[in-house]
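One file, structure-v2.pdb, is given below (PDB, C-alpha atoms).
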ATOM      1  CA  MET E 131       0.000   0.000   0.000
ATOM      2  CA  ASP E 132       1.461   3.332  -1.101
ATOM      3  CA  LEU E 133       0.807   5.682   1.817
ATOM      4  CA  ARG E 134       2.189   8.856   0.263
ATOM      5  CA  SER E 135      -1.156  10.355  -0.809
ATOM      6  CA  PHE E 136      -3.273   9.222   2.142
ATOM      7  CA  ALA E 137      -4.928  11.188   4.906
ATOM      8  CA  PHE E 138      -4.595   9.466   8.292
ATOM      9  CA  ILE E 139      -7.231   8.961  10.976
ATOM     10  CA  PHE E 140      -5.813   7.790  14.310
ATOM     11  CA  ASP E 141      -7.751   6.221  17.149
ATOM     12  CA  LEU E 142      -6.706   7.646  20.527
ATOM     13  CA  ASP E 143      -7.266   5.281  23.494
ATOM     14  CA  GLY E 144      -4.974   2.276  23.139
ATOM     15  CA  CYS E 145      -3.458   3.609  19.910
ATOM     16  CA  VAL E 146      -1.951   7.072  20.488
ATOM     17  CA  TYR E 147      -2.046   6.798  24.280
ATOM     18  CA  THR E 148      -3.063   4.438  27.043
ATOM     19  CA  GLY E 149      -4.250   6.361  30.066
ATOM     20  CA  ASN E 150      -1.658   9.130  30.441
ATOM     21  CA  ALA E 151       1.202   7.430  28.586
ATOM     22  CA  LEU E 152       2.002   7.715  24.877
ATOM     23  CA  VAL E 153       2.199   4.495  22.896
ATOM     24  CA  PRO E 154       5.883   3.920  21.951
ATOM     25  CA  GLY E 155       6.907   5.349  18.587
ATOM     26  CA  VAL E 156       3.667   7.217  17.891
ATOM     27  CA  ALA E 157       5.223  10.689  18.268
ATOM     28  CA  ARG E 158       7.903   9.891  15.662
ATOM     29  CA  CYS E 159       5.292   8.434  13.318
ATOM     30  CA  LEU E 160       3.009  11.454  13.538
ATOM     31  CA  ALA E 161       5.954  13.803  12.994
ATOM     32  CA  ALA E 162       6.926  11.852   9.856
ATOM     33  CA  ILE E 163       3.375  12.073   8.479
ATOM     34  CA  ARG E 164       3.209  15.808   9.112
ATOM     35  CA  ALA E 165       6.652  16.338   7.571
ATOM     36  CA  ARG E 166       5.235  14.923   4.344
ATOM     37  CA  GLY E 167       2.329  17.407   4.445
ATOM     38  CA  GLN E 168      -0.314  14.717   4.895
ATOM     39  CA  GLN E 169      -3.518  15.335   6.853
ATOM     40  CA  VAL E 170      -4.091  13.864  10.302
ATOM     41  CA  LEU E 171      -7.303  13.561  12.298
ATOM     42  CA  PHE E 172      -7.709  11.996  15.750
ATOM     43  CA  LEU E 173     -10.965  10.070  16.107
ATOM     44  CA  THR E 174     -12.182   8.594  19.365
ATOM     45  CA  ASN E 175     -15.235   6.816  20.735
ATOM     46  CA  ASN E 176     -14.858   8.894  23.904
ATOM     47  CA  SER E 177     -18.384   9.633  25.124
ATOM     48  CA  ARG E 178     -17.418  12.003  27.957
ATOM     49  CA  GLU E 179     -15.072  14.575  26.422
ATOM     50  CA  PHE E 180     -15.012  16.840  23.387
ATOM     51  CA  GLY E 181     -12.098  17.410  21.067
ATOM     52  CA  ASP E 182     -10.867  20.546  22.852
ATOM     53  CA  GLU E 183     -10.469  18.620  26.124
ATOM     54  CA  LEU E 184      -8.672  15.784  24.369
ATOM     55  CA  LEU E 185      -6.474  18.305  22.554
ATOM     56  CA  ASP E 186      -5.224  19.575  25.914
ATOM     57  CA  LYS E 187      -4.247  16.021  26.825
ATOM     58  CA  LEU E 188      -2.377  15.457  23.542
ATOM     59  CA  VAL E 189      -0.461  18.704  23.992
ATOM     60  CA  ARG E 190       0.459  17.744  27.565
ATOM     61  CA  LEU E 191       1.802  14.452  26.217
ATOM     62  CA  GLY E 192       3.916  16.272  23.630
ATOM     63  CA  ILE E 193       1.814  15.649  20.498
ATOM     64  CA  HIS E 194       1.188  18.618  18.198
ATOM     65  CA  ALA E 195      -2.423  18.945  17.018
ATOM     66  CA  THR E 196      -5.106  21.548  16.400
ATOM     67  CA  ALA E 197      -8.737  21.664  17.509
ATOM     68  CA  SER E 198      -9.943  20.940  13.966
ATOM     69  CA  GLU E 199      -7.980  17.677  14.029
ATOM     70  CA  MET E 200      -9.893  16.299  17.031
ATOM     71  CA  LEU E 201     -13.253  14.532  16.824
ATOM     72  CA  SER E 202     -14.992  12.561  19.569
ATOM     73  CA  ALA E 203     -18.205  10.559  19.522
ATOM     74  CA  ALA E 204     -19.487  12.756  22.351
ATOM     75  CA  GLU E 205     -19.462  15.896  20.210
ATOM     76  CA  VAL E 206     -21.216  14.100  17.345
ATOM     77  CA  ALA E 207     -24.151  13.026  19.556
ATOM     78  CA  GLY E 208     -26.196  16.240  19.613
ATOM     79  CA  PRO E 209     -25.914  16.944  15.875
ATOM     80  CA  PHE E 210     -26.708  13.278  15.106
ATOM     81  CA  VAL E 211     -29.967  13.432  17.074
ATOM     82  CA  ARG E 212     -30.940  16.745  15.428
ATOM     83  CA  GLU E 213     -30.142  15.426  11.929
ATOM     84  CA  HIS E 214     -32.214  12.271  12.378
ATOM     85  CA  PHE E 215     -34.993  13.313  14.786
ATOM     86  CA  GLY E 216     -35.055  17.113  14.802
ATOM     87  CA  PRO E 217     -34.994  19.253  17.964
ATOM     88  CA  SER E 218     -35.962  16.841  20.748
ATOM     89  CA  ARG E 219     -36.496  16.384  24.458
ATOM     90  CA  VAL E 220     -33.416  14.313  25.303
ATOM     91  CA  LEU E 221     -32.786  12.357  28.484
ATOM     92  CA  VAL E 222     -28.979  12.220  28.711
ATOM     93  CA  MET E 223     -26.923   9.894  30.880
ATOM     94  CA  GLY E 224     -23.305  10.970  30.809
ATOM     95  CA  SER E 225     -20.877  13.781  31.511
ATOM     96  CA  ASP E 226     -21.780  17.435  31.902
ATOM     97  CA  ARG E 227     -19.951  18.113  28.631
ATOM     98  CA  LEU E 228     -22.086  15.577  26.778
ATOM     99  CA  LYS E 229     -25.225  17.231  28.174
ATOM    100  CA  GLN E 230     -23.898  20.650  27.195
ATOM    101  CA  GLY E 231     -23.203  19.479  23.655
ATOM    102  CA  VAL E 232     -26.688  18.016  23.295
ATOM    103  CA  SER E 233     -28.184  21.292  24.534
ATOM    104  CA  GLU E 234     -26.027  23.369  22.184
ATOM    105  CA  ALA E 235     -27.325  21.278  19.258
ATOM    106  CA  GLY E 236     -30.780  22.717  19.937
ATOM    107  CA  HIS E 237     -32.325  20.059  22.171
ATOM    108  CA  THR E 238     -34.017  20.274  25.567
ATOM    109  CA  VAL E 239     -31.976  18.206  28.011
ATOM    110  CA  ILE E 240     -34.002  16.312  30.614
ATOM    111  CA  SER E 241     -32.574  14.963  33.864
ATOM    112  CA  ALA E 242     -33.386  11.634  35.507
ATOM    113  CA  GLU E 243     -35.299  13.517  38.224
ATOM    114  CA  GLU E 244     -37.757  15.144  35.805
ATOM    115  CA  SER E 245     -41.159  13.721  34.890
ATOM    116  CA  THR E 246     -41.121  15.315  31.419
ATOM    117  CA  PRO E 247     -41.432  12.596  28.749
ATOM    118  CA  ALA E 248     -38.360  12.148  26.562
ATOM    119  CA  ASP E 249     -38.301  11.827  22.776
ATOM    120  CA  VAL E 250     -34.763  10.444  22.751
ATOM    121  CA  VAL E 251     -32.500   8.784  25.326
ATOM    122  CA  VAL E 252     -28.741   9.279  24.875
ATOM    123  CA  VAL E 253     -26.433   7.045  26.898
ATOM    124  CA  GLY E 254     -22.768   7.935  27.366
ATOM    125  CA  HIS E 255     -20.157   6.892  29.903
ATOM    126  CA  ASP E 256     -21.236   8.072  33.350
ATOM    127  CA  PHE E 257     -19.049   7.810  36.452
ATOM    128  CA  SER E 258     -22.144   8.434  38.597
ATOM    129  CA  PHE E 259     -24.274   5.751  36.951
ATOM    130  CA  ASP E 260     -26.764   4.395  39.488
ATOM    131  CA  TYR E 261     -30.076   2.577  39.826
ATOM    132  CA  LYS E 262     -32.125   5.785  39.715
ATOM    133  CA  LYS E 263     -30.645   6.710  36.346
ATOM    134  CA  LEU E 264     -31.161   3.182  35.041
ATOM    135  CA  VAL E 265     -34.827   3.324  36.070
ATOM    136  CA  ALA E 266     -35.314   6.681  34.301
ATOM    137  CA  MET E 267     -33.604   5.485  31.112
ATOM    138  CA  ALA E 268     -35.460   2.171  31.064
ATOM    139  CA  HIS E 269     -38.860   3.805  31.636
ATOM    140  CA  ALA E 270     -38.211   6.373  28.892
ATOM    141  CA  VAL E 271     -37.164   3.736  26.332
ATOM    142  CA  ALA E 272     -40.037   1.442  27.323
ATOM    143  CA  GLY E 273     -42.335   4.448  26.893
ATOM    144  CA  GLY E 274     -41.309   4.927  23.278
ATOM    145  CA  ALA E 275     -38.216   7.174  23.404
ATOM    146  CA  THR E 276     -35.592   6.448  20.748
ATOM    147  CA  PHE E 277     -32.601   4.723  22.341
ATOM    148  CA  VAL E 278     -29.237   6.170  21.229
ATOM    149  CA  ALA E 279     -25.822   5.116  22.535
ATOM    150  CA  VAL E 280     -22.678   7.163  22.009
ATOM    151  CA  ASN E 281     -20.702   3.916  21.795
ATOM    152  CA  ARG E 282     -20.930   0.281  22.816
ATOM    153  CA  ASP E 283     -17.357  -0.185  24.064
ATOM    154  CA  PRO E 284     -17.495  -2.490  27.102
ATOM    155  CA  ARG E 285     -14.167  -1.326  28.538
ATOM    156  CA  LEU E 286     -12.248   1.917  28.987
ATOM    157  CA  PRO E 287      -8.502   1.114  28.876
ATOM    158  CA  ILE E 288      -6.183   2.721  31.432
ATOM    159  CA  GLU E 289      -2.506   2.386  32.310
ATOM    160  CA  GLY E 290      -0.880  -0.919  33.149
ATOM    161  CA  GLY E 291      -3.242  -3.014  31.067
ATOM    162  CA  GLU E 292      -6.112  -2.266  33.451
ATOM    163  CA  PHE E 293      -9.585  -1.071  32.487
ATOM    164  CA  LEU E 294     -12.760   0.541  33.761
ATOM    165  CA  PRO E 295     -16.264  -0.530  32.706
ATOM    166  CA  GLY E 296     -17.061   1.463  29.593
ATOM    167  CA  CYS E 297     -20.099   3.100  28.055
ATOM    168  CA  GLY E 298     -21.163  -0.241  26.597
ATOM    169  CA  ALA E 299     -21.642  -1.713  30.065
ATOM    170  CA  MET E 300     -24.205   0.996  30.841
ATOM    171  CA  VAL E 301     -25.843   0.626  27.433
ATOM    172  CA  ALA E 302     -26.150  -3.111  28.078
ATOM    173  CA  ALA E 303     -27.971  -2.442  31.347
ATOM    174  CA  VAL E 304     -30.603  -0.314  29.576
ATOM    175  CA  SER E 305     -30.903  -2.932  26.818
ATOM    176  CA  ALA E 306     -31.331  -5.734  29.369
ATOM    177  CA  ALA E 307     -34.046  -3.806  31.194
ATOM    178  CA  THR E 308     -36.012  -2.919  28.064
ATOM    179  CA  GLY E 309     -35.168  -5.515  25.403
ATOM    180  CA  ALA E 310     -34.351  -2.615  23.069
ATOM    181  CA  SER E 311     -31.242  -2.272  20.897
ATOM    182  CA  PRO E 312     -29.724   1.203  20.588
ATOM    183  CA  ILE E 313     -28.719   3.243  17.581
ATOM    184  CA  ILE E 314     -24.926   3.559  17.854
ATOM    185  CA  ILE E 315     -23.245   6.865  16.984
ATOM    186  CA  GLY E 316     -19.588   5.865  17.437
ATOM    187  CA  LYS E 317     -17.314   3.235  15.951
ATOM    188  CA  PRO E 318     -17.769   0.721  14.372
ATOM    189  CA  GLU E 319     -20.906   2.294  12.886
ATOM    190  CA  PRO E 320     -20.491   4.438   9.746
ATOM    191  CA  HIS E 321     -21.804   7.772  11.048
ATOM    192  CA  ILE E 322     -18.713   8.808  13.009
ATOM    193  CA  PHE E 323     -16.416   7.849  10.119
ATOM    194  CA  GLN E 324     -18.539   9.938   7.765
ATOM    195  CA  ALA E 325     -18.244  12.858  10.191
ATOM    196  CA  ALA E 326     -14.458  12.389  10.215
ATOM    197  CA  LEU E 327     -14.264  12.341   6.419
ATOM    198  CA  ALA E 328     -16.400  15.481   6.252
ATOM    199  CA  ARG E 329     -14.011  17.167   8.674
ATOM    200  CA  LEU E 330     -11.002  16.108   6.568
ATOM    201  CA  ARG E 331     -12.703  16.867   3.236
ATOM    202  CA  HIS E 332     -10.890  13.827   1.898
ATOM    203  CA  PRO E 333     -12.280  10.798  -0.004
ATOM    204  CA  ALA E 334     -12.668   7.532   1.888
ATOM    205  CA  ASP E 335     -10.621   5.530  -0.616
ATOM    206  CA  ALA E 336      -7.628   7.832  -0.023
ATOM    207  CA  THR E 337      -7.900   7.772   3.786
ATOM    208  CA  VAL E 338      -6.511   5.211   6.215
ATOM    209  CA  MET E 339      -7.838   4.382   9.686
ATOM    210  CA  VAL E 340      -5.126   3.467  12.208
ATOM    211  CA  GLY E 341      -6.273   1.725  15.372
ATOM    212  CA  ASP E 342      -5.706  -1.065  17.859
ATOM    213  CA  THR E 343      -9.197  -2.611  17.770
ATOM    214  CA  LEU E 344     -10.214  -4.994  15.006
ATOM    215  CA  GLU E 345     -13.950  -4.533  15.444
ATOM    216  CA  SER E 346     -14.126  -0.759  15.995
ATOM    217  CA  ASP E 347     -11.208   0.505  13.926
ATOM    218  CA  VAL E 348     -10.627  -2.096  11.220
ATOM    219  CA  ARG E 349     -14.093  -3.477  10.553
ATOM    220  CA  GLY E 350     -15.667  -0.073  11.135
ATOM    221  CA  GLY E 351     -13.185   1.655   8.841
ATOM    222  CA  GLN E 352     -13.687  -0.930   6.119
ATOM    223  CA  ARG E 353     -17.467  -0.581   6.286
ATOM    224  CA  ALA E 354     -17.020   3.168   5.739
ATOM    225  CA  GLY E 355     -14.793   2.541   2.700
ATOM    226  CA  LEU E 356     -11.457   3.436   4.363
ATOM    227  CA  HIS E 357      -8.156   1.602   4.181
ATOM    228  CA  THR E 358      -7.057   0.253   7.560
ATOM    229  CA  ILE E 359      -3.895  -0.283   9.612
ATOM    230  CA  TRP E 360      -4.048  -2.474  12.706
ATOM    231  CA  LEU E 361      -1.721  -1.809  15.642
ATOM    232  CA  ALA E 362      -1.617  -5.411  16.829
ATOM    233  CA  PRO E 363      -0.496  -6.618  20.252
ATOM    234  CA  ALA E 364       2.609  -8.776  20.470
ATOM    235  CA  GLY E 365       1.869 -12.363  19.541
ATOM    236  CA  ALA E 366      -1.519 -11.573  18.012
ATOM    237  CA  ALA E 367      -3.022 -14.264  15.804
ATOM    238  CA  ALA E 368      -4.128 -13.650  12.224
ATOM    239  CA  ALA E 369      -6.579 -10.790  12.031
ATOM    240  CA  ASN E 370     -10.243 -11.107  11.162
ATOM    241  CA  PRO E 371     -11.177  -8.831   9.479
ATOM    242  CA  GLN E 372      -7.938  -8.491   7.556
ATOM    243  CA  PRO E 373      -6.492  -4.942   7.578
ATOM    244  CA  ASP E 374      -4.497  -3.523   4.689
ATOM    245  CA  LEU E 375      -1.432  -3.406   6.939
ATOM    246  CA  THR E 376      -0.623  -4.902  10.341
ATOM    247  CA  ILE E 377       2.038  -3.316  12.546
ATOM    248  CA  HIS E 378       3.253  -4.186  16.042
ATOM    249  CA  HIS E 379       5.113  -0.932  16.665
ATOM    250  CA  PHE E 380       4.710   2.536  15.181
ATOM    251  CA  ASP E 381       8.300   2.505  13.943
ATOM    252  CA  GLU E 382       7.082  -0.027  11.352
ATOM    253  CA  LEU E 383       4.577   2.511  10.025
ATOM    254  CA  THR E 384       7.211   5.245  10.069
ATOM    255  CA  ALA E 385       9.455   3.023   7.960
ATOM    256  CA  ALA E 386       6.603   2.198   5.567
ATOM    257  CA  LEU E 387       6.104   5.938   4.949
ATOM    258  CA  GLN E 388       9.613   6.137   3.541
ATOM    259  CA  ARG E 389       9.046   3.390   0.971
TER     260      ARG E 389
END

Could you write out this structure as structure tokens?
Amino acid sequence: MDLRSFAFIFDLDGCVYTGNALVPGVARCLAAIRARGQQVLFLTNNSREFGDELLDKLVRLGIHATASEMLSAAEVAGPFVREHFGPSRVLVMGSDRLKQGVSEAGHTVISAEESTPADVVVVGHDFSFDYKKLVAMAHAVAGGATFVAVNRDPRLPIEGGEFLPGCGAMVAAVSAATGASPIIIGKPEPHIFQAALARLRHPADATVMVGDTLESDVRGGQRAGLHTIWLAPAGAAAANPQPDLTIHHFDELTAALQR
């Protein structure tokens, strides 16, 4: 695969960084891509933070980026609901920033304590998830509200190979209580990739998705028409789906850019 004319989309968690540590070799690789004048966009399933917050983290870790190069599933949520359902009464479970973004997209945000009926339920990662919120979400979905999940990732990776329960764990609780399946905004579904391509203004067949997750990054990228590069763990078996390129260290990608 000739990478010289490609735009690059990089996953963040587990690919550019894990917790508060950069993945080895990624800084050199990104510098090499930028030195060639190729576009870069950072795309994450993060359901709590917007691109500007994640930009601050990248800068602290020593990675150069701009606000326009950052896109999170959280910031896509409000516009997605407006595009598909119009201005709505939205019951949001998630961070204050997610709620703010939904409000700024022209919706009325409803809390779990309110009796106002919801048109749409949006579930993101919520560190204060509790039974009261689950009851409110389940009753709203059972009452006919459209069920939307920012992502379905079961785990949130942190340093040392550890993890926290992710947004998908909370989505699964609402699904179990109601029997309903959500509409997914984030990876591996196409919508977030389409938003990324619109931000880049670059065709899918000349864009490559780089990520560490076969289902979200590789399969999702392929479904959106992108080329894919898998950052595989040491000793990983053959990939399914098969990416265009498999690397085990970012220095391999840096070398491939020179060919």

- prompt: For E:Phe172, which residue among E:Val250, E:Val222, E:Ala302, E:Met200 is the nearest when counting all atoms listed in the file?
  reply: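 Smallest distance to E:Phe172 is found for E:Met200.
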
task: Please write the residues picked by the PyMOL selection byres ((chain E and resi 258-272) around 10) on this file as a VMD selection string.
output: chain E and resid 220 to 225 241 to 257 273 to 278 300 to 301 303 to 310 312

- prompt: Do you have the atom CA of E:Phe323-atom CA of E:Ile163 distance handy?
  reply: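 Those two atoms sit 20.3 Å apart.
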
Evaluating the PyMOL selection byres ((chain E and resi 369-380) around 12) on the displayed file yields which residues, as a CSV table (one decimal) with C-alpha atoms, in the frame of the given file?
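Written output follows (part_11.csv):
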chain,number,residue,atom,x,y,z
E,131,MET,CA,0.0,0.0,0.0
E,132,ASP,CA,1.5,3.3,-1.1
E,133,LEU,CA,0.8,5.7,1.8
E,140,PHE,CA,-5.8,7.8,14.3
E,145,CYS,CA,-3.5,3.6,19.9
E,146,VAL,CA,-2.0,7.1,20.5
E,152,LEU,CA,2.0,7.7,24.9
E,153,VAL,CA,2.2,4.5,22.9
E,154,PRO,CA,5.9,3.9,22.0
E,155,GLY,CA,6.9,5.3,18.6
E,156,VAL,CA,3.7,7.2,17.9
E,157,ALA,CA,5.2,10.7,18.3
E,158,ARG,CA,7.9,9.9,15.7
E,159,CYS,CA,5.3,8.4,13.3
E,160,LEU,CA,3.0,11.5,13.5
E,161,ALA,CA,6.0,13.8,13.0
E,162,ALA,CA,6.9,11.9,9.9
E,163,ILE,CA,3.4,12.1,8.5
E,337,THR,CA,-7.9,7.8,3.8
E,338,VAL,CA,-6.5,5.2,6.2
E,339,MET,CA,-7.8,4.4,9.7
E,340,VAL,CA,-5.1,3.5,12.2
E,341,GLY,CA,-6.3,1.7,15.4
E,342,ASP,CA,-5.7,-1.1,17.9
E,343,THR,CA,-9.2,-2.6,17.8
E,344,LEU,CA,-10.2,-5.0,15.0
E,345,GLU,CA,-14.0,-4.5,15.4
E,346,SER,CA,-14.1,-0.8,16.0
E,347,ASP,CA,-11.2,0.5,13.9
E,348,VAL,CA,-10.6,-2.1,11.2
E,349,ARG,CA,-14.1,-3.5,10.6
E,350,GLY,CA,-15.7,-0.1,11.1
E,351,GLY,CA,-13.2,1.7,8.8
E,352,GLN,CA,-13.7,-0.9,6.1
E,353,ARG,CA,-17.5,-0.6,6.3
E,356,LEU,CA,-11.5,3.4,4.4
E,357,HIS,CA,-8.2,1.6,4.2
E,358,THR,CA,-7.1,0.3,7.6
E,359,ILE,CA,-3.9,-0.3,9.6
E,360,TRP,CA,-4.0,-2.5,12.7
E,361,LEU,CA,-1.7,-1.8,15.6
E,362,ALA,CA,-1.6,-5.4,16.8
E,363,PRO,CA,-0.5,-6.6,20.3
E,364,ALA,CA,2.6,-8.8,20.5
E,365,GLY,CA,1.9,-12.4,19.5
E,366,ALA,CA,-1.5,-11.6,18.0
E,367,ALA,CA,-3.0,-14.3,15.8
E,368,ALA,CA,-4.1,-13.6,12.2
E,381,ASP,CA,8.3,2.5,13.9
E,382,GLU,CA,7.1,0.0,11.4
E,383,LEU,CA,4.6,2.5,10.0
E,384,THR,CA,7.2,5.2,10.1
E,385,ALA,CA,9.5,3.0,8.0
E,386,ALA,CA,6.6,2.2,5.6
E,387,LEU,CA,6.1,5.9,4.9

- prompt: In Å to one decimal, how far is atom CA of E:Asn150 from atom CA of E:His321?
  reply: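 Answer for the atom CA of E:His321 to atom CA of E:Asn150 separation: 28.0 Å.
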
Near-E:Ala151 list (8 Å; all atoms listed in the file; drop same-chain fewer than 3 positions) as a list in words: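 Surrounding residues, per the criterion: Tyr147, Thr148, Leu191 and Glu289 of chain E.
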
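Note that atom CA of E:Leu142 and atom CA of E:Lys187 are 10.8 Å apart.
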
query: Using all atoms listed in the file, which of the listed residues (E:Leu294, E:Ala299, E:Ile314, E:Val170) sits closest to E:Ser198?
result: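 Counting all atoms listed in the file, the residue closest to E:Ser198 is E:Val170.
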
For stretch 234-237 of chain E, please output as a PDB file with C-alpha atoms, in the frame of the given file all residues within 10 Å (counting only C-alpha atoms; exclusion window: fewer than 2 positions along the same chain).
ATOM      1  CA  GLU E 205     -19.462  15.896  20.210  1.00  0.00           C
ATOM      2  CA  VAL E 206     -21.216  14.100  17.345  1.00  0.00           C
ATOM      3  CA  ALA E 207     -24.151  13.026  19.556  1.00  0.00           C
ATOM      4  CA  GLY E 208     -26.196  16.240  19.613  1.00  0.00           C
ATOM      5  CA  PRO E 209     -25.914  16.944  15.875  1.00  0.00           C
ATOM      6  CA  PHE E 210     -26.708  13.278  15.106  1.00  0.00           C
ATOM      7  CA  VAL E 211     -29.967  13.432  17.074  1.00  0.00           C
ATOM      8  CA  ARG E 212     -30.940  16.745  15.428  1.00  0.00           C
ATOM      9  CA  GLU E 213     -30.142  15.426  11.929  1.00  0.00           C
ATOM     10  CA  GLY E 216     -35.055  17.113  14.802  1.00  0.00           C
ATOM     11  CA  PRO E 217     -34.994  19.253  17.964  1.00  0.00           C
ATOM     12  CA  SER E 218     -35.962  16.841  20.748  1.00  0.00           C
ATOM     13  CA  ARG E 219     -36.496  16.384  24.458  1.00  0.00           C
ATOM     14  CA  VAL E 220     -33.416  14.313  25.303  1.00  0.00           C
ATOM     15  CA  LEU E 221     -32.786  12.357  28.484  1.00  0.00           C
ATOM     16  CA  LEU E 228     -22.086  15.577  26.778  1.00  0.00           C
ATOM     17  CA  LYS E 229     -25.225  17.231  28.174  1.00  0.00           C
ATOM     18  CA  GLN E 230     -23.898  20.650  27.195  1.00  0.00           C
ATOM     19  CA  GLY E 231     -23.203  19.479  23.655  1.00  0.00           C
ATOM     20  CA  VAL E 232     -26.688  18.016  23.295  1.00  0.00           C
ATOM     21  CA  VAL E 239     -31.976  18.206  28.011  1.00  0.00           C
ATOM     22  CA  ILE E 240     -34.002  16.312  30.614  1.00  0.00           C
ATOM     23  CA  VAL E 250     -34.763  10.444  22.751  1.00  0.00           C
TER      24      VAL E 250
END

Long-range neighbours of stretch 180-182 of chain E as number ranges by chain, 8 Å cut-off, only C-alpha atoms, 2 positions minimum in chain: E: 176, 178, 184-186, 197, 200-202, 204-205, 227-228

task: Please write the residues picked by the PyMOL selection byres ((chain E and resi 283) around 7) on this file as a ChimeraX atom specification.
output: /E:281-282,284-285,296-298

Any chance you could work out the axis-aligned box around stretch 252-260 of chain E, listed atoms only, 5 Å on each side, giving centre and edge lengths in Å to one decimal, as JSON?
{"center_x": -23.9, "center_y": 6.8, "center_z": 32.2, "size_x": 19.7, "size_y": 14.9, "size_z": 24.6}

field: Neighbours of point (-5.1, 15.1, 5.7) within 12 Å, using only C-alpha atoms, written as a VMD selection string
entry: chain E and resid 133 to 140 160 163 to 172 198 to 199 326 to 334 336 to 339

query: Taking into account all atoms listed in the file, which residue in the set E:Ile313, E:Ala354, E:Ile288, E:Ala203 is nearest to E:Gly149?
result: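 Of E:Ile313, E:Ala354, E:Ile288, E:Ala203, the one nearest E:Gly149, counting all atoms listed in the file, is E:Ile288.
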
Can we get stretch 264-278 of chain E of that structure written down with N, CA and C atoms, as a PDB file, in the first residue's frame?
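Final output, saved to out_1.pdb:
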ATOM      1  N   LEU E 264     -30.751   4.337  35.836  1.00  0.00           N
ATOM      2  CA  LEU E 264     -31.161   3.182  35.041  1.00  0.00           C
ATOM      3  C   LEU E 264     -32.682   3.100  34.951  1.00  0.00           C
ATOM      4  N   VAL E 265     -33.360   3.341  36.064  1.00  0.00           N
ATOM      5  CA  VAL E 265     -34.827   3.324  36.070  1.00  0.00           C
ATOM      6  C   VAL E 265     -35.372   4.381  35.100  1.00  0.00           C
ATOM      7  N   ALA E 266     -34.829   5.602  35.165  1.00  0.00           N
ATOM      8  CA  ALA E 266     -35.314   6.681  34.301  1.00  0.00           C
ATOM      9  C   ALA E 266     -35.100   6.353  32.821  1.00  0.00           C
ATOM     10  N   MET E 267     -33.903   5.840  32.499  1.00  0.00           N
ATOM     11  CA  MET E 267     -33.604   5.485  31.112  1.00  0.00           C
ATOM     12  C   MET E 267     -34.515   4.361  30.636  1.00  0.00           C
ATOM     13  N   ALA E 268     -34.658   3.324  31.455  1.00  0.00           N
ATOM     14  CA  ALA E 268     -35.460   2.171  31.064  1.00  0.00           C
ATOM     15  C   ALA E 268     -36.924   2.556  30.864  1.00  0.00           C
ATOM     16  N   HIS E 269     -37.460   3.386  31.765  1.00  0.00           N
ATOM     17  CA  HIS E 269     -38.860   3.805  31.636  1.00  0.00           C
ATOM     18  C   HIS E 269     -39.050   4.657  30.374  1.00  0.00           C
ATOM     19  N   ALA E 270     -38.089   5.526  30.085  1.00  0.00           N
ATOM     20  CA  ALA E 270     -38.211   6.373  28.892  1.00  0.00           C
ATOM     21  C   ALA E 270     -38.188   5.537  27.616  1.00  0.00           C
ATOM     22  N   VAL E 271     -37.256   4.594  27.525  1.00  0.00           N
ATOM     23  CA  VAL E 271     -37.164   3.736  26.332  1.00  0.00           C
ATOM     24  C   VAL E 271     -38.404   2.859  26.218  1.00  0.00           C
ATOM     25  N   ALA E 272     -38.830   2.272  27.338  1.00  0.00           N
ATOM     26  CA  ALA E 272     -40.037   1.442  27.323  1.00  0.00           C
ATOM     27  C   ALA E 272     -41.272   2.261  26.943  1.00  0.00           C
ATOM     28  N   GLY E 273     -41.220   3.567  27.228  1.00  0.00           N
ATOM     29  CA  GLY E 273     -42.335   4.448  26.893  1.00  0.00           C
ATOM     30  C   GLY E 273     -42.317   4.971  25.466  1.00  0.00           C
ATOM     31  N   GLY E 274     -41.334   4.562  24.693  1.00  0.00           N
ATOM     32  CA  GLY E 274     -41.309   4.927  23.278  1.00  0.00           C
ATOM     33  C   GLY E 274     -40.196   5.856  22.853  1.00  0.00           C
ATOM     34  N   ALA E 275     -39.337   6.302  23.778  1.00  0.00           N
ATOM     35  CA  ALA E 275     -38.216   7.174  23.404  1.00  0.00           C
ATOM     36  C   ALA E 275     -37.214   6.397  22.551  1.00  0.00           C
ATOM     37  N   THR E 276     -36.642   7.058  21.569  1.00  0.00           N
ATOM     38  CA  THR E 276     -35.592   6.448  20.748  1.00  0.00           C
ATOM     39  C   THR E 276     -34.335   6.273  21.588  1.00  0.00           C
ATOM     40  N   PHE E 277     -33.741   5.110  21.514  1.00  0.00           N
ATOM     41  CA  PHE E 277     -32.601   4.723  22.341  1.00  0.00           C
ATOM     42  C   PHE E 277     -31.316   4.908  21.520  1.00  0.00           C
ATOM     43  N   VAL E 278     -30.486   5.855  21.934  1.00  0.00           N
ATOM     44  CA  VAL E 278     -29.237   6.170  21.229  1.00  0.00           C
ATOM     45  C   VAL E 278     -28.067   5.987  22.186  1.00  0.00           C
TER      46      VAL E 278
END
